[in-house]
Amino acid sequence: MNSTQACIAIDVSKGKSHVCAYATKDDLVQKPIEILHDREGFKVLDGLYNRLNTVEGRSPIFIYETTGIYHRPLKRYLKDKHYPQREVSPLLAAKHRKNSGIRIPKSDKADPKSLARLFYDGDIHLSPNSDEVYYELLQLDRSYQTMTKLMVMCKVHFKEKLDILFPRFEDYFDNTYTTYTLNLLEAYPHPELILHKRSDAIEHRLIKDGLQSGRAQYVVQVLKDYCQNCVPGTSSESVDTQILRLFIQQIKFYTLERNHIIEQMTVMVEKFPLYKQLKSIPGIGPLLAVRLIAELGDLSRFRNNRQLIAYAGLDPLVYQSGQKDGKHLGISKKGNCYLRAILYQVIGISIQVSTDHPIKMYVQKKKQTHPNKSAKIAGCAKLLRIIYSLYHSGENYTF
């Protein structure tokens with residue numbers, strides 16, 4: 001890195017940052033100071049920028065860590081001002097700080113200096129700002145995951161109330177989460193309410209929910225027979241019926257929201273070549289394709305597939321010392337855990353495909369010498385290498 005380049009190093013934290021400025025590698029012109037993430041605080045950055053720009057005659061570069069979400073206000077401010085900026089991975093910053101000396105202090109005032117040393121001493125390249133669409137995709141996918149967790153929790157409590165009000169209901173109806181089943185239980189959350197309702201009224205409701213007339217008649221007959229023989233744990237006036245209705249409404253809400261999120265994400269990625277390339281891989285459908293793109297982000301920021309594998313936390317740990325060979329220690333897991341989960345899901349589906357293909361055969365071969373989980377994890381790394389290759393070649397997956 002050019003040791004005569006001016007830089008402004010920023011250690012970002014929640015709602016505030018610590019800032020220092022260098023005219024050159026050995027010329028500290030501003031000791032670390034604290035600024036708040038508001039207009040008054042960011043005006044300090046304007047002052048430092050203009051000061052260095054005037055002295056050096058060329059624009060200084062802002063360097064900061066990508067700390068989850070806390071750097072977003074700073075990033076947007078610098079972008080709106082058209083200031084040159086460089087993002088640094090927290091893992092890279094921590095590694096450089098650890099390797100730059102025997103005793104390196106970790107403090108708010110020392111961290112921006114450490115970032116500046118990384119700027120001057122490290123091999124980091126100024127990459128173009130990622131398209132904002134990747135940020136929006138990531139936020140949508142995280143929202144999708146949150147909705148999924150909430151829906152799963154609602155389903156657990158729903159099953160509890162169902163076992164109280166409708167014991168052995170699942171023995172008669174395989175899928176309790178179909179639209180007509182949920183609507184039926186929401187309208188009549190107790191067997192007595194169903195028995196007191198005319199069969200043709202229930203049948204009309206089922207047909208309205210999409211069932212054919214013959215199928216609706218059959219369901220009503222089974223339902224009436226079940227309720228006639230059912231012994232619920234509480235009365236129809238119990239609060240359990242209210243709670244059951246509440247959980248059904250929440251399940252329906254989260255289902256609709258998840259579908260809406262995926263539809264929105266699909267519209268955003270349909271024009272991406274990678275979207276079609278991912279769908280050409282066995283085990284990846286439209287849903288997993290859009291979620292993979294959201295978690296992978298802009299692949300152009302990775303210089304090789306090893307960086308991508310490390311980003312997913314699938315790089316192997318190596319800790320060699322003395323007689324210890326340092327091998328077979330598993331993966332680092334210092335990466336995107338959400339991406340790892342999606343990749344593992346893809347591998348689980350991909351190896352079930354009837355047609356033989358390289359990913360499936362690779363995992364099967366690994367299973368001969370490794371446990372099932374280890375073989376699948378190796379398959380995840382293999383899948384990432386394939387995705388990276390497809391991205392750069394522009395071709396679909398063929399086998």
# chains A, B, ... in the order shown; residues from 1 in each chain; ligands from 1
$ residues_around --residues "Thr146 in chain A" --least-positions-apart "4" --cutoff "12 Å" --atoms "only C-alpha atoms" --output "JSON, numbers by chain"
{"A": [139, 140, 141, 142, 150, 151, 152, 153, 254, 255, 257, 258, 261, 338]}
$ residues_around --residues "range 37-47 of chain A" --least-positions-apart "3" --cutoff "10 Å" --atoms "only C-alpha atoms" --output "VMD selection string"
chain A and resid 8 10 12 to 17 19 to 21 33 to 34 50 to 53 62 70 to 71 73 to 74 77 to 78 81 83
$ write_last_selection --atoms "N, CA and C atoms" --output "mmCIF file, in the first residue's frame"
data_model
loop_
_atom_site.group_PDB
_atom_site.id
_atom_site.type_symbol
_atom_site.label_atom_id
_atom_site.label_comp_id
_atom_site.auth_asym_id
_atom_site.auth_seq_id
_atom_site.Cartn_x
_atom_site.Cartn_y
_atom_site.Cartn_z
ATOM 1 N N ILE A 8 -8.255 8.223 6.783
ATOM 2 C CA ILE A 8 -9.021 8.512 7.991
ATOM 3 C C ILE A 8 -9.590 7.186 8.469
ATOM 4 N N ILE A 10 -11.606 4.717 11.064
ATOM 5 C CA ILE A 10 -12.780 4.855 11.924
ATOM 6 C C ILE A 10 -13.102 3.511 12.559
ATOM 7 N N VAL A 12 -15.878 1.711 14.345
ATOM 8 C CA VAL A 12 -17.321 1.900 14.475
ATOM 9 C C VAL A 12 -17.868 1.075 15.628
ATOM 10 N N SER A 13 -18.747 1.685 16.398
ATOM 11 C CA SER A 13 -19.492 0.964 17.424
ATOM 12 C C SER A 13 -20.927 1.478 17.413
ATOM 13 N N LYS A 14 -21.729 1.073 18.359
ATOM 14 C CA LYS A 14 -23.142 1.420 18.344
ATOM 15 C C LYS A 14 -23.358 2.903 18.636
ATOM 16 N N GLY A 15 -23.804 3.642 17.621
ATOM 17 C CA GLY A 15 -24.169 5.045 17.799
ATOM 18 C C GLY A 15 -23.007 6.015 17.861
ATOM 19 N N LYS A 16 -21.769 5.500 17.798
ATOM 20 C CA LYS A 16 -20.611 6.384 17.872
ATOM 21 C C LYS A 16 -19.417 5.721 17.223
ATOM 22 N N SER A 17 -18.361 6.486 17.015
ATOM 23 C CA SER A 17 -17.128 5.958 16.432
ATOM 24 C C SER A 17 -15.935 6.692 17.014
ATOM 25 N N VAL A 19 -12.184 8.057 15.789
ATOM 26 C CA VAL A 19 -11.589 8.449 14.510
ATOM 27 C C VAL A 19 -10.179 8.972 14.725
ATOM 28 N N CYS A 20 -9.290 8.570 13.814
ATOM 29 C CA CYS A 20 -7.965 9.185 13.757
ATOM 30 C C CYS A 20 -7.610 9.398 12.293
ATOM 31 N N ALA A 21 -6.642 10.288 12.028
ATOM 32 C CA ALA A 21 -6.291 10.627 10.643
ATOM 33 C C ALA A 21 -4.776 10.650 10.478
ATOM 34 N N ILE A 33 -10.300 10.460 18.382
ATOM 35 C CA ILE A 33 -11.349 11.219 19.056
ATOM 36 C C ILE A 33 -12.676 10.498 18.848
ATOM 37 N N GLU A 34 -13.633 10.777 19.705
ATOM 38 C CA GLU A 34 -14.947 10.141 19.609
ATOM 39 C C GLU A 34 -15.939 11.070 18.923
ATOM 40 N N ASN A 50 -11.414 17.676 4.469
ATOM 41 C CA ASN A 50 -10.992 18.919 3.813
ATOM 42 C C ASN A 50 -9.583 19.317 4.230
ATOM 43 N N ARG A 51 -9.258 19.059 5.467
ATOM 44 C CA ARG A 51 -7.921 19.394 5.987
ATOM 45 C C ARG A 51 -6.848 18.583 5.275
ATOM 46 N N LEU A 52 -7.044 17.275 5.180
ATOM 47 C CA LEU A 52 -6.062 16.423 4.506
ATOM 48 C C LEU A 52 -6.050 16.665 3.000
ATOM 49 N N ASN A 53 -7.212 16.936 2.449
ATOM 50 C CA ASN A 53 -7.311 17.173 1.009
ATOM 51 C C ASN A 53 -6.559 18.433 0.607
ATOM 52 N N PHE A 62 -11.299 6.919 3.542
ATOM 53 C CA PHE A 62 -11.896 6.488 4.809
ATOM 54 C C PHE A 62 -11.824 4.967 4.883
ATOM 55 N N TYR A 70 -24.129 -1.360 12.487
ATOM 56 C CA TYR A 70 -23.812 -0.066 13.085
ATOM 57 C C TYR A 70 -23.071 0.868 12.134
ATOM 58 N N HIS A 71 -22.429 0.294 11.095
ATOM 59 C CA HIS A 71 -21.684 1.135 10.154
ATOM 60 C C HIS A 71 -22.562 1.712 9.057
ATOM 61 N N PRO A 73 -25.166 3.944 8.914
ATOM 62 C CA PRO A 73 -25.297 5.413 8.807
ATOM 63 C C PRO A 73 -24.020 6.074 8.299
ATOM 64 N N LEU A 74 -22.867 5.597 8.788
ATOM 65 C CA LEU A 74 -21.590 6.141 8.342
ATOM 66 C C LEU A 74 -21.381 5.868 6.854
ATOM 67 N N TYR A 77 -23.533 8.146 4.737
ATOM 68 C CA TYR A 77 -23.071 9.536 4.757
ATOM 69 C C TYR A 77 -21.869 9.716 3.829
ATOM 70 N N LEU A 78 -20.908 8.799 3.924
ATOM 71 C CA LEU A 78 -19.716 8.890 3.073
ATOM 72 C C LEU A 78 -20.074 8.727 1.594
ATOM 73 N N LYS A 81 -21.630 11.853 0.218
ATOM 74 C CA LYS A 81 -20.610 12.897 0.048
ATOM 75 C C LYS A 81 -19.602 12.547 -1.048
ATOM 76 N N TYR A 83 -17.199 10.466 -0.858
ATOM 77 C CA TYR A 83 -15.863 10.275 -0.298
ATOM 78 C C TYR A 83 -15.384 8.849 -0.623
#
$ closest_residue --among "A:Ile342, A:Ile262, A:Arg301, A:Glu160" --to "Val88 in chain A" --atoms "only C-alpha atoms"
A:Arg301
$ residues_around --residues "Val267 in chain A" --least-positions-apart "4" --cutoff "12 Å" --atoms "only C-alpha atoms" --output "NGL selection string"
:A and (133 or 137 or 260-263 or 271-272 or 275 or 286-287 or 290)
$ select_by_dssp --residues "range 12-46 of chain A" --states "strand (DSSP E or B)" --output "ChimeraX atom specification"
/A:12-13,16-24,27-36
$ write_last_selection --atoms "N, CA and C atoms" --output "compact mmCIF listing (two decimals), in the first residue's frame"
# COMPACT_ATOMS: atom_id res chain seq x y z
N VAL A 12 -15.88 1.71 14.35
CA VAL A 12 -17.32 1.90 14.48
C VAL A 12 -17.87 1.08 15.63
N SER A 13 -18.75 1.69 16.40
CA SER A 13 -19.49 0.96 17.42
C SER A 13 -20.93 1.48 17.41
N LYS A 16 -21.77 5.50 17.80
CA LYS A 16 -20.61 6.38 17.87
C LYS A 16 -19.42 5.72 17.22
N SER A 17 -18.36 6.49 17.02
CA SER A 17 -17.13 5.96 16.43
C SER A 17 -15.93 6.69 17.01
N HIS A 18 -14.78 6.05 16.92
CA HIS A 18 -13.51 6.69 17.27
C HIS A 18 -12.72 6.86 15.97
N VAL A 19 -12.18 8.06 15.79
CA VAL A 19 -11.59 8.45 14.51
C VAL A 19 -10.18 8.97 14.73
N CYS A 20 -9.29 8.57 13.81
CA CYS A 20 -7.97 9.18 13.76
C CYS A 20 -7.61 9.40 12.29
N ALA A 21 -6.64 10.29 12.03
CA ALA A 21 -6.29 10.63 10.64
C ALA A 21 -4.78 10.65 10.48
N TYR A 22 -4.34 10.14 9.32
CA TYR A 22 -2.92 10.11 8.98
C TYR A 22 -2.72 10.82 7.64
N ALA A 23 -1.73 11.73 7.59
CA ALA A 23 -1.36 12.34 6.31
C ALA A 23 -0.50 11.37 5.50
N THR A 24 0.37 10.65 6.20
CA THR A 24 1.16 9.57 5.62
C THR A 24 1.24 8.46 6.65
N ASP A 27 2.80 9.92 9.78
CA ASP A 27 2.41 11.28 10.16
C ASP A 27 0.96 11.28 10.66
N LEU A 28 0.80 11.14 11.99
CA LEU A 28 -0.51 11.18 12.62
C LEU A 28 -0.93 12.63 12.81
N VAL A 29 -1.96 13.06 12.12
CA VAL A 29 -2.39 14.46 12.19
C VAL A 29 -3.60 14.65 13.09
N GLN A 30 -4.25 13.57 13.46
CA GLN A 30 -5.38 13.67 14.39
C GLN A 30 -5.40 12.44 15.29
N LYS A 31 -5.16 12.68 16.58
CA LYS A 31 -5.23 11.58 17.53
C LYS A 31 -6.67 11.07 17.62
N PRO A 32 -6.86 9.84 18.08
CA PRO A 32 -8.22 9.28 18.15
C PRO A 32 -9.17 10.14 18.98
N ILE A 33 -10.30 10.46 18.38
CA ILE A 33 -11.35 11.22 19.06
C ILE A 33 -12.68 10.50 18.85
N GLU A 34 -13.63 10.78 19.71
CA GLU A 34 -14.95 10.14 19.61
C GLU A 34 -15.94 11.07 18.92
N ILE A 35 -16.70 10.52 18.00
CA ILE A 35 -17.78 11.26 17.36
C ILE A 35 -19.07 10.45 17.46
N LEU A 36 -20.19 11.15 17.49
CA LEU A 36 -21.49 10.49 17.51
C LEU A 36 -22.00 10.33 16.08
$ closest_residue --among "A:Cys227, A:Met361, A:Leu162, A:Leu339" --to "Pro191 in chain A" --atoms "only C-alpha atoms"
A:Cys227
$ closest_residue --among "A:Ile207, A:Ala201, A:Ala93, A:Leu288" --to "Arg117 in chain A" --atoms "only C-alpha atoms"
A:Ala93
$ residues_around --residues "Arg303 in chain A" --least-positions-apart "2" --cutoff "12 Å" --atoms "only C-alpha atoms" --output "count of residues only"
17
$ closest_residue --among "A:Ser354, A:Gln212, A:Thr178, A:Gln277" --to "Leu390 in chain A" --atoms "only C-alpha atoms"
A:Gln277
$ closest_residue --among "A:His190, A:Asp171, A:Ile293, A:Ile331" --to "Gln228 in chain A" --atoms "only C-alpha atoms"
A:His190
